[in-house]
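*Asks:* So here's model_2.cif, just mmCIF, C-alpha atoms:
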data_final
loop_
_atom_site.group_PDB
_atom_site.id
_atom_site.type_symbol
_atom_site.label_atom_id
_atom_site.label_comp_id
_atom_site.auth_asym_id
_atom_site.auth_seq_id
_atom_site.Cartn_x
_atom_site.Cartn_y
_atom_site.Cartn_z
ATOM 1 C CA MET D 1 96.203 2.431 2.420
ATOM 2 C CA VAL D 2 94.181 3.626 5.420
ATOM 3 C CA LYS D 3 95.934 3.117 8.757
ATOM 4 C CA VAL D 4 93.441 1.786 11.342
ATOM 5 C CA PHE D 5 95.702 1.921 14.401
ATOM 6 C CA LYS D 6 98.154 4.672 15.263
ATOM 7 C CA ARG D 7 100.997 2.259 16.014
ATOM 8 C CA GLU D 8 101.604 -1.489 15.749
ATOM 9 C CA ALA D 9 102.237 -1.846 19.499
ATOM 10 C CA GLY D 10 98.862 -0.260 20.252
ATOM 11 C CA LYS D 11 97.147 -2.576 17.774
ATOM 12 C CA GLU D 12 98.655 -5.592 19.519
ATOM 13 C CA ARG D 13 97.379 -4.384 22.902
ATOM 14 C CA VAL D 14 93.884 -3.835 21.536
ATOM 15 C CA LEU D 15 93.702 -7.251 19.865
ATOM 16 C CA ARG D 16 95.021 -8.987 22.982
ATOM 17 C CA SER D 17 92.279 -7.312 25.002
ATOM 18 C CA TYR D 18 89.764 -8.161 22.243
ATOM 19 C CA ASN D 19 90.540 -11.861 22.641
ATOM 20 C CA GLU D 20 90.323 -11.631 26.423
ATOM 21 C CA LEU D 21 86.843 -10.084 26.159
ATOM 22 C CA LEU D 22 85.705 -12.893 23.855
ATOM 23 C CA GLY D 23 86.552 -15.248 26.702
ATOM 24 C CA ARG D 24 83.819 -13.518 28.724
ATOM 25 C CA TRP D 25 81.058 -13.971 26.156
ATOM 26 C CA ALA D 26 79.641 -17.000 28.022
ATOM 27 C CA THR D 27 78.471 -18.639 24.794
ATOM 28 C CA GLU D 28 79.980 -20.619 21.951
ATOM 29 C CA PHE D 29 81.108 -18.534 18.987
ATOM 30 C CA ARG D 30 83.079 -18.751 15.779
ATOM 31 C CA GLU D 31 85.387 -16.160 14.232
ATOM 32 C CA LEU D 32 85.665 -15.875 10.471
ATOM 33 C CA ASP D 33 86.803 -13.409 7.829
ATOM 34 C CA ILE D 34 84.777 -12.433 4.772
ATOM 35 C CA GLU D 35 86.718 -11.116 1.788
ATOM 36 C CA THR D 36 85.093 -8.105 0.132
ATOM 37 C CA GLU D 37 86.079 -5.563 -2.492
ATOM 38 C CA TYR D 38 87.219 -3.265 0.343
ATOM 39 C CA GLY D 39 89.272 -5.755 2.328
ATOM 40 C CA SER D 40 88.793 -8.502 4.878
ATOM 41 C CA THR D 41 85.803 -8.129 7.226
ATOM 42 C CA HIS D 42 85.988 -9.961 10.542
ATOM 43 C CA CYS D 43 82.788 -11.488 11.914
ATOM 44 C CA ILE D 44 81.934 -13.332 15.099
ATOM 45 C CA THR D 45 79.006 -15.713 14.769
ATOM 46 C CA ALA D 46 76.959 -17.405 17.476
ATOM 47 C CA GLY D 47 73.733 -19.366 17.525
ATOM 48 C CA ASP D 48 72.096 -21.955 15.314
ATOM 49 C CA GLU D 49 72.556 -21.213 11.609
ATOM 50 C CA GLY D 50 68.977 -22.361 11.093
ATOM 51 C CA ASN D 51 67.674 -19.434 13.152
ATOM 52 C CA PRO D 52 66.803 -16.060 11.578
ATOM 53 C CA PRO D 53 70.064 -14.201 10.811
ATOM 54 C CA LEU D 54 70.839 -11.016 12.766
ATOM 55 C CA LEU D 55 73.701 -8.736 11.749
ATOM 56 C CA LEU D 56 75.036 -6.695 14.682
ATOM 57 C CA LEU D 57 76.844 -3.398 14.063
ATOM 58 C CA HIS D 58 78.910 -1.536 16.655
ATOM 59 C CA GLY D 59 79.739 2.162 17.080
ATOM 60 C CA VAL D 60 82.594 4.310 15.722
ATOM 61 C CA GLY D 61 85.141 3.750 18.491
ATOM 62 C CA ASP D 62 84.107 0.196 19.364
ATOM 63 C CA ASN D 63 84.462 -3.334 18.062
ATOM 64 C CA SER D 64 82.319 -6.452 18.174
ATOM 65 C CA ALA D 65 84.120 -8.087 21.100
ATOM 66 C CA VAL D 66 83.272 -5.309 23.551
ATOM 67 C CA MET D 67 79.982 -4.155 22.030
ATOM 68 C CA TRP D 68 78.074 -7.434 22.281
ATOM 69 C CA MET D 69 79.768 -9.017 25.302
ATOM 70 C CA LEU D 70 76.670 -8.659 27.492
ATOM 71 C CA ASN D 71 74.124 -9.420 24.778
ATOM 72 C CA MET D 72 75.375 -12.288 22.663
ATOM 73 C CA GLN D 73 74.515 -15.134 25.004
ATOM 74 C CA GLU D 74 70.804 -14.296 25.075
ATOM 75 C CA LEU D 75 70.461 -13.044 21.499
ATOM 76 C CA SER D 76 72.124 -16.174 20.100
ATOM 77 C CA ARG D 77 69.450 -18.349 21.710
ATOM 78 C CA HIS D 78 66.934 -16.863 19.269
ATOM 79 C CA PHE D 79 68.951 -15.758 16.228
ATOM 80 C CA TYR D 80 71.942 -16.698 14.148
ATOM 81 C CA CYS D 81 73.998 -13.710 15.273
ATOM 82 C CA ILE D 82 76.760 -12.186 13.156
ATOM 83 C CA ALA D 83 78.707 -9.442 14.939
ATOM 84 C CA VAL D 84 80.577 -7.465 12.281
ATOM 85 C CA ASP D 85 83.796 -5.539 12.924
ATOM 86 C CA THR D 86 83.258 -2.330 10.963
ATOM 87 C CA ILE D 87 85.937 -1.926 8.338
ATOM 88 C CA GLY D 88 88.082 1.039 9.412
ATOM 89 C CA GLY D 89 87.145 0.500 13.064
ATOM 90 C CA PRO D 90 89.372 -0.784 15.903
ATOM 91 C CA GLY D 91 88.627 -4.471 15.445
ATOM 92 C CA LYS D 92 90.017 -7.295 13.327
ATOM 93 C CA SER D 93 88.749 -6.176 9.908
ATOM 94 C CA ILE D 94 91.550 -5.204 7.520
ATOM 95 C CA PRO D 95 90.852 -2.632 4.767
ATOM 96 C CA ASN D 96 92.647 -2.651 1.434
ATOM 97 C CA ALA D 97 93.420 0.103 -1.079
ATOM 98 C CA ASN D 98 89.768 0.245 -2.229
ATOM 99 C CA PHE D 99 88.741 1.480 1.214
ATOM 100 C CA SER D 100 88.781 5.169 0.334
ATOM 101 C CA LYS D 101 86.285 8.025 0.114
ATOM 102 C CA ARG D 102 86.397 7.781 -3.650
ATOM 103 C CA THR D 103 85.540 4.085 -3.924
ATOM 104 C CA PHE D 104 83.967 2.886 -0.654
ATOM 105 C CA SER D 105 80.229 2.248 -0.383
ATOM 106 C CA GLN D 106 78.976 1.315 3.072
ATOM 107 C CA VAL D 107 75.807 -0.270 1.645
ATOM 108 C CA ASP D 108 77.761 -2.348 -0.887
ATOM 109 C CA TRP D 109 80.156 -3.448 1.863
ATOM 110 C CA ILE D 110 77.357 -4.704 4.158
ATOM 111 C CA THR D 111 75.755 -6.482 1.194
ATOM 112 C CA ALA D 112 79.077 -8.149 0.365
ATOM 113 C CA VAL D 113 79.402 -9.372 3.961
ATOM 114 C CA ALA D 114 75.875 -10.836 3.918
ATOM 115 C CA ASP D 115 76.473 -12.418 0.508
ATOM 116 C CA GLY D 116 79.776 -13.860 1.706
ATOM 117 C CA LEU D 117 77.909 -15.511 4.568
ATOM 118 C CA GLY D 118 75.300 -16.890 2.183
ATOM 119 C CA ILE D 119 72.522 -14.813 3.763
ATOM 120 C CA GLY D 120 69.665 -13.396 1.721
ATOM 121 C CA LYS D 121 67.299 -11.468 4.031
ATOM 122 C CA PHE D 122 68.310 -10.642 7.583
ATOM 123 C CA HIS D 123 67.615 -8.564 10.664
ATOM 124 C CA LEU D 124 69.870 -5.675 11.672
ATOM 125 C CA ALA D 125 70.678 -4.166 15.059
ATOM 126 C CA GLY D 126 73.220 -1.486 15.871
ATOM 127 C CA VAL D 127 74.352 0.983 18.504
ATOM 128 C CA SER D 128 75.314 4.619 17.837
ATOM 129 C CA ASN D 129 77.039 4.674 14.434
ATOM 130 C CA GLY D 130 76.026 1.055 14.068
ATOM 131 C CA ALA D 131 72.415 2.193 14.458
ATOM 132 C CA TYR D 132 72.948 4.725 11.671
ATOM 133 C CA MET D 133 74.482 2.041 9.422
ATOM 134 C CA ALA D 134 71.562 -0.315 10.098
ATOM 135 C CA PHE D 135 68.997 2.416 9.433
ATOM 136 C CA ASN D 136 70.722 3.669 6.297
ATOM 137 C CA TYR D 137 71.109 0.178 4.874
ATOM 138 C CA ALA D 138 67.442 -0.600 5.472
ATOM 139 C CA THR D 139 66.311 2.568 3.674
ATOM 140 C CA CYS D 140 68.606 1.856 0.725
ATOM 141 C CA LEU D 141 67.897 -1.887 0.363
ATOM 142 C CA PRO D 142 64.666 -2.624 2.237
ATOM 143 C CA GLU D 143 64.196 -5.840 0.274
ATOM 144 C CA ARG D 144 67.200 -7.368 2.091
ATOM 145 C CA VAL D 145 65.988 -6.499 5.599
ATOM 146 C CA ASP D 146 63.236 -7.940 7.803
ATOM 147 C CA GLY D 147 63.561 -5.914 11.024
ATOM 148 C CA VAL D 148 65.898 -3.211 12.335
ATOM 149 C CA VAL D 149 66.636 -2.160 15.919
ATOM 150 C CA CYS D 150 68.513 1.136 16.257
ATOM 151 C CA MET D 151 69.986 1.922 19.684
ATOM 152 C CA GLU D 152 71.147 5.448 20.522
ATOM 153 C CA GLY D 153 71.205 6.481 16.903
ATOM 154 C CA GLY D 154 69.702 6.085 13.465
ATOM 155 C CA MET D 155 68.938 8.912 11.081
ATOM 156 C CA ILE D 156 71.449 11.729 10.553
ATOM 157 C CA THR D 157 70.227 15.296 9.941
ATOM 158 C CA ALA D 158 73.023 17.522 11.273
ATOM 159 C CA PRO D 159 76.270 15.499 11.519
ATOM 160 C CA VAL D 160 78.476 18.420 12.587
ATOM 161 C CA LYS D 161 76.119 19.389 15.414
ATOM 162 C CA ALA D 162 75.929 15.780 16.617
ATOM 163 C CA MET D 163 79.714 15.452 16.600
ATOM 164 C CA ILE D 164 80.153 18.693 18.552
ATOM 165 C CA GLN D 165 77.596 17.569 21.151
ATOM 166 C CA THR D 166 79.457 14.281 21.629
ATOM 167 C CA LEU D 167 82.818 16.025 21.944
ATOM 168 C CA MET D 168 81.421 18.490 24.479
ATOM 169 C CA MET D 169 80.345 15.579 26.673
ATOM 170 C CA MET D 170 83.982 14.441 26.713
ATOM 171 C CA PHE D 171 85.437 17.810 27.693
ATOM 172 C CA PRO D 172 87.722 18.690 29.360
ATOM 173 C CA GLU D 173 89.154 15.206 29.994
ATOM 174 C CA ILE D 174 89.644 14.365 26.317
ATOM 175 C CA LEU D 175 92.160 17.235 26.016
ATOM 176 C CA VAL D 176 94.607 15.347 28.258
ATOM 177 C CA PRO D 177 94.001 11.697 27.305
ATOM 178 C CA THR D 178 95.583 9.954 30.268
ATOM 179 C CA ARG D 179 94.153 6.600 31.344
ATOM 180 C CA ASN D 180 92.322 8.170 34.290
ATOM 181 C CA ASN D 181 90.855 10.945 32.151
ATOM 182 C CA LEU D 182 89.702 8.487 29.504
ATOM 183 C CA LEU D 183 88.072 6.365 32.199
ATOM 184 C CA LYS D 184 86.195 9.520 33.259
ATOM 185 C CA VAL D 185 85.087 10.029 29.651
ATOM 186 C CA THR D 186 83.583 6.527 29.503
ATOM 187 C CA ARG D 187 81.634 7.220 32.690
ATOM 188 C CA LYS D 188 80.363 10.574 31.403
ATOM 189 C CA LEU D 189 78.734 8.859 28.441
ATOM 190 C CA SER D 190 76.865 6.387 30.659
ATOM 191 C CA SER D 191 74.111 6.779 33.229
ATOM 192 C CA PRO D 192 75.533 6.863 36.767
ATOM 193 C CA ASN D 193 72.519 4.776 37.804
ATOM 194 C CA SER D 194 73.477 1.862 35.562
ATOM 195 C CA GLY D 195 76.570 0.854 37.554
ATOM 196 C CA LEU D 196 78.048 -0.516 34.331
ATOM 197 C CA PHE D 197 81.715 0.074 35.011
ATOM 198 C CA ASP D 198 81.513 -1.088 38.614
ATOM 199 C CA LYS D 199 80.083 -4.388 37.405
ATOM 200 C CA HIS D 200 82.263 -4.635 34.308
ATOM 201 C CA PRO D 201 85.498 -2.633 34.654
ATOM 202 C CA GLU D 202 86.961 -4.645 31.779
ATOM 203 C CA VAL D 203 84.580 -2.843 29.407
ATOM 204 C CA ALA D 204 85.932 0.554 30.472
ATOM 205 C CA GLU D 205 89.542 -0.617 30.236
ATOM 206 C CA HIS D 206 89.007 -1.882 26.695
ATOM 207 C CA LEU D 207 87.279 1.345 25.613
ATOM 208 C CA VAL D 208 90.237 3.313 26.970
ATOM 209 C CA LEU D 209 92.597 1.210 24.831
ATOM 210 C CA LEU D 210 90.463 1.950 21.769
ATOM 211 C CA MET D 211 90.434 5.691 22.431
ATOM 212 C CA LYS D 212 94.215 5.702 22.849
ATOM 213 C CA HIS D 213 95.195 3.535 19.901
ATOM 214 C CA HIS D 214 92.535 3.723 17.165
ATOM 215 C CA ASN D 215 93.146 6.139 14.323
ATOM 216 C CA GLN D 216 89.680 7.734 14.234
ATOM 217 C CA GLN D 217 90.398 9.238 10.811
ATOM 218 C CA ALA D 218 90.056 5.746 9.357
ATOM 219 C CA MET D 219 86.307 6.066 9.914
ATOM 220 C CA PHE D 220 86.099 9.263 7.856
ATOM 221 C CA VAL D 221 85.998 7.048 4.771
ATOM 222 C CA HIS D 222 82.424 6.175 5.802
ATOM 223 C CA GLN D 223 80.512 9.079 4.277
ATOM 224 C CA LEU D 224 77.203 9.846 5.996
ATOM 225 C CA GLN D 225 73.911 9.960 4.117
ATOM 226 C CA LEU D 226 71.420 12.519 5.416
ATOM 227 C CA TYR D 227 67.966 11.502 6.575
ATOM 228 C CA ASP D 228 65.394 11.000 3.821
ATOM 229 C CA LYS D 229 62.017 11.042 5.545
ATOM 230 C CA GLU D 230 60.120 9.642 2.567
ATOM 231 C CA LYS D 231 62.371 6.579 2.292
ATOM 232 C CA ALA D 232 62.295 6.025 6.056
ATOM 233 C CA VAL D 233 58.535 6.325 6.448
ATOM 234 C CA ALA D 234 58.121 3.790 3.632
ATOM 235 C CA ILE D 235 59.705 1.123 5.879
ATOM 236 C CA ARG D 236 58.446 2.507 9.203
ATOM 237 C CA ASP D 237 57.027 -0.852 10.309
ATOM 238 C CA LYS D 238 60.461 -2.481 10.078
ATOM 239 C CA LEU D 239 62.130 0.048 12.401
ATOM 240 C CA TYR D 240 62.392 0.232 16.193
ATOM 241 C CA PHE D 241 64.451 2.815 18.106
ATOM 242 C CA LEU D 242 65.774 2.473 21.663
ATOM 243 C CA VAL D 243 67.052 5.587 23.450
ATOM 244 C CA GLY D 244 68.701 5.887 26.871
ATOM 245 C CA ASP D 245 67.083 8.372 29.276
ATOM 246 C CA TYR D 246 70.419 9.788 30.513
ATOM 247 C CA LYS D 247 70.919 13.372 29.256
ATOM 248 C CA LEU D 248 67.735 13.025 27.250
ATOM 249 C CA GLY D 249 67.705 16.787 26.654
ATOM 250 C CA HIS D 250 70.701 16.363 24.329
ATOM 251 C CA LYS D 251 68.588 14.028 22.202
ATOM 252 C CA LYS D 252 65.537 16.268 21.772
ATOM 253 C CA ASP D 253 66.164 16.858 18.052
ATOM 254 C CA PHE D 254 66.392 13.121 17.452
ATOM 255 C CA LEU D 255 63.225 12.464 19.443
ATOM 256 C CA GLU D 256 61.417 15.129 17.431
ATOM 257 C CA ILE D 257 62.338 13.295 14.223
ATOM 258 C CA LEU D 258 61.015 10.036 15.662
ATOM 259 C CA LYS D 259 57.756 11.694 16.690
ATOM 260 C CA ASP D 260 57.382 13.559 13.401
ATOM 261 C CA GLY D 261 57.785 10.356 11.402
ATOM 262 C CA ASP D 262 55.571 8.386 13.800
ATOM 263 C CA PHE D 263 58.374 5.871 14.278
ATOM 264 C CA ARG D 264 58.169 3.253 16.997
ATOM 265 C CA TYR D 265 60.569 3.975 19.852
ATOM 266 C CA LYS D 266 61.123 3.454 23.565
ATOM 267 C CA VAL D 267 63.117 5.383 26.161
ATOM 268 C CA ILE D 268 65.139 3.048 28.392
ATOM 269 C CA GLY D 269 65.548 4.096 32.021
ATOM 270 C CA ASP D 270 68.927 4.357 33.781
ATOM 271 C CA ALA D 271 70.824 4.102 30.513
ATOM 272 C CA GLY D 272 73.056 6.390 28.475
ATOM 273 C CA HIS D 273 74.908 6.030 25.181
ATOM 274 C CA GLY D 274 75.996 2.454 25.941
ATOM 275 C CA VAL D 275 72.381 1.427 26.409
ATOM 276 C CA ASN D 276 72.901 -2.245 25.492
ATOM 277 C CA HIS D 277 75.697 -2.516 28.074
ATOM 278 C CA GLU D 278 73.965 -0.530 30.772
ATOM 279 C CA GLN D 279 70.636 -2.373 30.643
ATOM 280 C CA PRO D 280 71.446 -5.616 28.798
ATOM 281 C CA GLU D 281 68.490 -7.666 30.062
ATOM 282 C CA ILE D 282 65.983 -5.009 28.994
ATOM 283 C CA ILE D 283 67.672 -4.433 25.638
ATOM 284 C CA ASN D 284 67.889 -8.156 24.889
ATOM 285 C CA ARG D 285 64.189 -8.499 25.635
ATOM 286 C CA GLU D 286 63.265 -5.527 23.439
ATOM 287 C CA ILE D 287 65.360 -6.750 20.489
ATOM 288 C CA ILE D 288 64.048 -10.303 20.686
ATOM 289 C CA SER D 289 60.423 -9.256 21.078
ATOM 290 C CA PHE D 290 60.467 -6.782 18.175
ATOM 291 C CA LEU D 291 62.339 -9.018 15.744
ATOM 292 C CA GLN D 292 60.207 -12.037 16.545
ATOM 293 C CA GLU D 293 57.191 -9.849 15.847
ATOM 294 C CA GLN D 294 58.694 -9.073 12.445
ATOM 295 C CA GLU D 295 59.137 -12.798 11.807
ATOM 296 C CA THR D 296 55.401 -13.352 12.151
ATOM 297 C CA GLN D 297 54.762 -10.690 9.499
ATOM 298 C CA VAL D 298 57.157 -12.045 6.888
#
Just give me the structure of the file as structure tokens.
*Replies:*
Amino acid sequence: MVKVFKREAGKERVLRSYNELLGRWATEFRELDIETEYGSTHCITAGDEGNPPLLLLHGVGDNSAVMWMLNMQELSRHFYCIAVDTIGGPGKSIPNANFSKRTFSQVDWITAVADGLGIGKFHLAGVSNGAYMAFNYATCLPERVDGVVCMEGGMITAPVKAMIQTLMMMFPEILVPTRNNLLKVTRKLSSPNSGLFDKHPEVAEHLVLLMKHHNQQAMFVHQLQLYDKEKAVAIRDKLYFLVGDYKLGHKKDFLEILKDGDFRYKVIGDAGHGVNHEQPEIINREIISFLQEQETQV
């Protein structure tokens, strides 16, 4: 069985903080668990169930409580939002023995979650690894997806290079993972012009807990699928990419792929890797506008 947290005491601290962050969501929500072949998947729903469904996917070292804290209130006015705790990630989802490299299928898992919620077609939005999951799912099962918004991620062409670039941004602080050093890491990934952690220090504190206590190896079960241009171009009109302008030079390869495929994208000013946290009003507006546009085309 895959161990999601390094120790039980750390898990308890993370989940306590998780619940405290939910208290800051400023909107009504419901927590529920969907049983799948790979274990129990925790979801947080908000908004009218009669609205178009929107599955929200967070990044590798995040969970739904922190990822969508600054977005859920506005997004849930327009969509039936389902924030999914990635199985293997530091949230409330609980994998079982089938969650292994040999048996796990990320696409089948997302389908099982949607089916468990009684949802046929839906929108997808994700940040970082969540953007990759949204993009990959849409290329594999385009018939289940109406519109997809990928923030700070999407297609994967050179996973090792991308991982090294991310790690280099965390050096040297990540070598000595004290609380203060980990706080510095969170700031290095965000635009200094966004003022995110001055406005919302609780976000940084929660991310530090995740870095300290999550067993990152649990996410290695999620095997990456490399970019297939032909499959992506076939659903080009369903895709929209949002990229933060902070350290844009590190993203030149990704931008070249977007340009080469003639994909729709926008660079967001004064934002880094946590683009939806750093510029929530702009991101909310972009997501709502694009997905509502997709609704008119269905």
*Asks:* Name every residue that the PyMOL selection byres ((chain D and resi 87) around 10) selects in this structure, writing the answer as a ChimeraX atom specification with chains first and numbers rising.
*Replies:* /D:4,38-42,63,84-86,88-96,99,106,109-110,218-219,221-222
*Asks:* Could you take the residues named above and write them with C-alpha atoms, as a compact mmCIF listing (two decimals), in the coordinates of the input?
*Replies:*
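result.txt, written as the output of this step:
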# COMPACT_ATOMS: atom_id res chain seq x y z
CA VAL D 4 93.44 1.79 11.34
CA TYR D 38 87.22 -3.26 0.34
CA GLY D 39 89.27 -5.76 2.33
CA SER D 40 88.79 -8.50 4.88
CA THR D 41 85.80 -8.13 7.23
CA HIS D 42 85.99 -9.96 10.54
CA ASN D 63 84.46 -3.33 18.06
CA VAL D 84 80.58 -7.46 12.28
CA ASP D 85 83.80 -5.54 12.92
CA THR D 86 83.26 -2.33 10.96
CA GLY D 88 88.08 1.04 9.41
CA GLY D 89 87.14 0.50 13.06
CA PRO D 90 89.37 -0.78 15.90
CA GLY D 91 88.63 -4.47 15.44
CA LYS D 92 90.02 -7.30 13.33
CA SER D 93 88.75 -6.18 9.91
CA ILE D 94 91.55 -5.20 7.52
CA PRO D 95 90.85 -2.63 4.77
CA ASN D 96 92.65 -2.65 1.43
CA PHE D 99 88.74 1.48 1.21
CA GLN D 106 78.98 1.32 3.07
CA TRP D 109 80.16 -3.45 1.86
CA ILE D 110 77.36 -4.70 4.16
CA ALA D 218 90.06 5.75 9.36
CA MET D 219 86.31 6.07 9.91
CA VAL D 221 86.00 7.05 4.77
CA HIS D 222 82.42 6.18 5.80
*Asks:* Identify, on the basis of all atoms listed in the file, every residue whose closest approach to segment 241-252 of chain D does not exceed 9 Å; exclude the query and any residue fewer than 3 positions from it along the same chain; express the result as a short mmCIF file (atom, residue, chain, number, x, y, z; two decimals) with C-alpha atoms, in the frame of the given file.
*Replies:*
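out-v3.cif written:
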data_model
loop_
_atom_site.label_atom_id
_atom_site.label_comp_id
_atom_site.auth_asym_id
_atom_site.auth_seq_id
_atom_site.Cartn_x
_atom_site.Cartn_y
_atom_site.Cartn_z
CA ALA D 131 72.42 2.19 14.46
CA VAL D 148 65.90 -3.21 12.34
CA VAL D 149 66.64 -2.16 15.92
CA CYS D 150 68.51 1.14 16.26
CA MET D 151 69.99 1.92 19.68
CA GLU D 152 71.15 5.45 20.52
CA GLY D 153 71.20 6.48 16.90
CA GLY D 154 69.70 6.08 13.46
CA GLN D 165 77.60 17.57 21.15
CA LEU D 189 78.73 8.86 28.44
CA SER D 190 76.86 6.39 30.66
CA SER D 191 74.11 6.78 33.23
CA PRO D 192 75.53 6.86 36.77
CA LEU D 255 63.22 12.46 19.44
CA GLU D 256 61.42 15.13 17.43
CA ILE D 257 62.34 13.30 14.22
CA LEU D 258 61.02 10.04 15.66
CA PHE D 263 58.37 5.87 14.28
CA ARG D 264 58.17 3.25 17.00
CA TYR D 265 60.57 3.98 19.85
CA LYS D 266 61.12 3.45 23.56
CA VAL D 267 63.12 5.38 26.16
CA ILE D 268 65.14 3.05 28.39
CA GLY D 269 65.55 4.10 32.02
CA ASP D 270 68.93 4.36 33.78
CA ALA D 271 70.82 4.10 30.51
CA GLY D 272 73.06 6.39 28.48
CA HIS D 273 74.91 6.03 25.18
CA GLY D 274 76.00 2.45 25.94
CA VAL D 275 72.38 1.43 26.41
CA ILE D 283 67.67 -4.43 25.64
CA GLU D 286 63.26 -5.53 23.44
#
*Asks:* Starting from the shown file, work through the PyMOL selection byres ((chain D and resi 71) around 8) and note down what comes out as an mmCIF file with C-alpha atoms, in the frame of the given file.
*Replies:*
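selection-v6.cif, freshly written:
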data_model
loop_
_atom_site.group_PDB
_atom_site.id
_atom_site.type_symbol
_atom_site.label_atom_id
_atom_site.label_comp_id
_atom_site.auth_asym_id
_atom_site.auth_seq_id
_atom_site.Cartn_x
_atom_site.Cartn_y
_atom_site.Cartn_z
ATOM 1 C CA TRP D 68 78.074 -7.434 22.281
ATOM 2 C CA MET D 69 79.768 -9.017 25.302
ATOM 3 C CA LEU D 70 76.670 -8.659 27.492
ATOM 4 C CA MET D 72 75.375 -12.288 22.663
ATOM 5 C CA GLN D 73 74.515 -15.134 25.004
ATOM 6 C CA GLU D 74 70.804 -14.296 25.075
ATOM 7 C CA LEU D 75 70.461 -13.044 21.499
ATOM 8 C CA ASN D 276 72.901 -2.245 25.492
ATOM 9 C CA HIS D 277 75.697 -2.516 28.074
ATOM 10 C CA PRO D 280 71.446 -5.616 28.798
ATOM 11 C CA GLU D 281 68.490 -7.666 30.062
ATOM 12 C CA ASN D 284 67.889 -8.156 24.889
#
*Asks:* Would you mind reading off the distance between atom CA of Ala234 of chain D and atom CA of Asn136 of chain D, one decimal, in Å?
*Replies:* 12.9 Å
*Asks:* Would you translate the PyMOL selection byres ((chain D and resi 120) around 10) into the concrete set of residues it matches in this file, as a list in words?
*Replies:*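 After applying the PyMOL selection byres ((chain D and resi 120) around 10), what remains is Pro53, Thr111, Ala114, Asp115, Leu117, Gly118, Ile119, Lys121, Phe122, Glu143, Arg144 and Val145 of chain D.
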*Asks:* With distances taken over only C-alpha atoms, which of D:Leu22, D:Ile282, D:Leu291, D:Leu224 is nearest to Gly130 of chain D?
*Replies:*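 The closest residue to Gly130 of chain D is D:Leu224.
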*Asks:* With distances taken over only C-alpha atoms, which of D:Glu37, D:Val66, D:Phe104, D:Gln279 is nearest to Trp25 of chain D?
*Replies:* D:Val66
*Asks:* Which of these residues is nearest to Gly50 of chain D, using only C-alpha atoms: D:His78, D:His206, D:Lys11, D:Lys188?
*Replies:*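 That would be D:His78, the residue with the smallest distance to Gly50 of chain D.
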*Asks:* Which protein, DNA or RNA residues have an atom at most 6 Å from (76.3, -5.6, 11.5), counting only C-alpha atoms? List them as a list in words.
*Replies:*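 Checking each residue against the 6 Å limit leaves Leu55, Leu56, Leu57, Ala83 and Val84 of chain D.
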*Asks:* Keeping C-alpha atoms, export the residues of the selection given above as a short mmCIF file (atom, residue, chain, number, x, y, z; two decimals), in the frame of the given file.
*Replies:*
data_model
loop_
_atom_site.label_atom_id
_atom_site.label_comp_id
_atom_site.auth_asym_id
_atom_site.auth_seq_id
_atom_site.Cartn_x
_atom_site.Cartn_y
_atom_site.Cartn_z
CA LEU D 55 73.70 -8.74 11.75
CA LEU D 56 75.04 -6.70 14.68
CA LEU D 57 76.84 -3.40 14.06
CA ALA D 83 78.71 -9.44 14.94
CA VAL D 84 80.58 -7.46 12.28
#
*Asks:* For a test of reading the model, state the distance in Å between atom CA of Ala158 of chain D and atom CA of Ala204 of chain D, rounded to one decimal.
*Replies:* 28.7 Å
*Asks:* Between D:Ser194, D:Arg13, D:Cys43, D:Tyr18, single out the one closest to Glu31 of chain D, counting all atoms listed in the file.
*Replies:*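 Among D:Ser194, D:Arg13, D:Cys43, D:Tyr18, it is D:Cys43 that comes nearest to Glu31 of chain D.
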*Asks:* Between D:Leu183, D:Ala46, D:Ile156, D:Leu21, which has the minimum distance to Phe254 of chain D (counting all atoms listed in the file)?
*Replies:*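 The closest residue to Phe254 of chain D is D:Ile156.
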*Asks:* Which one is closest to Arg77 of chain D: D:Ile288, D:Ile164, D:Leu32, D:Leu15? Count all atoms listed in the file.
*Replies:*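 Checking each candidate against Arg77 of chain D, we get D:Ile288 as the closest.
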*Asks:* State, in Å with one decimal place, the distance from atom CA of Leu54 of chain D to atom CA of Gln223 of chain D.
*Replies:*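 About the pair atom CA of Leu54 of chain D and atom CA of Gln223 of chain D: they are 23.9 Å apart.
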*Asks:* Which residues, protein or nucleic acid, reach to within 12 Å of (57.6, -10.8, 13.4) in the file's coordinates when using all atoms listed in the file, and can you give that as a PyMOL selection string?
*Replies:* chain D and resi 52+123+146-148+237-239+287-298
*Asks:* Write the residues of the selection above to a file with C-alpha atoms, as an mmCIF file, keeping the file's coordinate frame.
*Replies:*
data_model
loop_
_atom_site.group_PDB
_atom_site.id
_atom_site.type_symbol
_atom_site.label_atom_id
_atom_site.label_comp_id
_atom_site.auth_asym_id
_atom_site.auth_seq_id
_atom_site.Cartn_x
_atom_site.Cartn_y
_atom_site.Cartn_z
ATOM 1 C CA PRO D 52 66.803 -16.060 11.578
ATOM 2 C CA HIS D 123 67.615 -8.564 10.664
ATOM 3 C CA ASP D 146 63.236 -7.940 7.803
ATOM 4 C CA GLY D 147 63.561 -5.914 11.024
ATOM 5 C CA VAL D 148 65.898 -3.211 12.335
ATOM 6 C CA ASP D 237 57.027 -0.852 10.309
ATOM 7 C CA LYS D 238 60.461 -2.481 10.078
ATOM 8 C CA LEU D 239 62.130 0.048 12.401
ATOM 9 C CA ILE D 287 65.360 -6.750 20.489
ATOM 10 C CA ILE D 288 64.048 -10.303 20.686
ATOM 11 C CA SER D 289 60.423 -9.256 21.078
ATOM 12 C CA PHE D 290 60.467 -6.782 18.175
ATOM 13 C CA LEU D 291 62.339 -9.018 15.744
ATOM 14 C CA GLN D 292 60.207 -12.037 16.545
ATOM 15 C CA GLU D 293 57.191 -9.849 15.847
ATOM 16 C CA GLN D 294 58.694 -9.073 12.445
ATOM 17 C CA GLU D 295 59.137 -12.798 11.807
ATOM 18 C CA THR D 296 55.401 -13.352 12.151
ATOM 19 C CA GLN D 297 54.762 -10.690 9.499
ATOM 20 C CA VAL D 298 57.157 -12.045 6.888
#
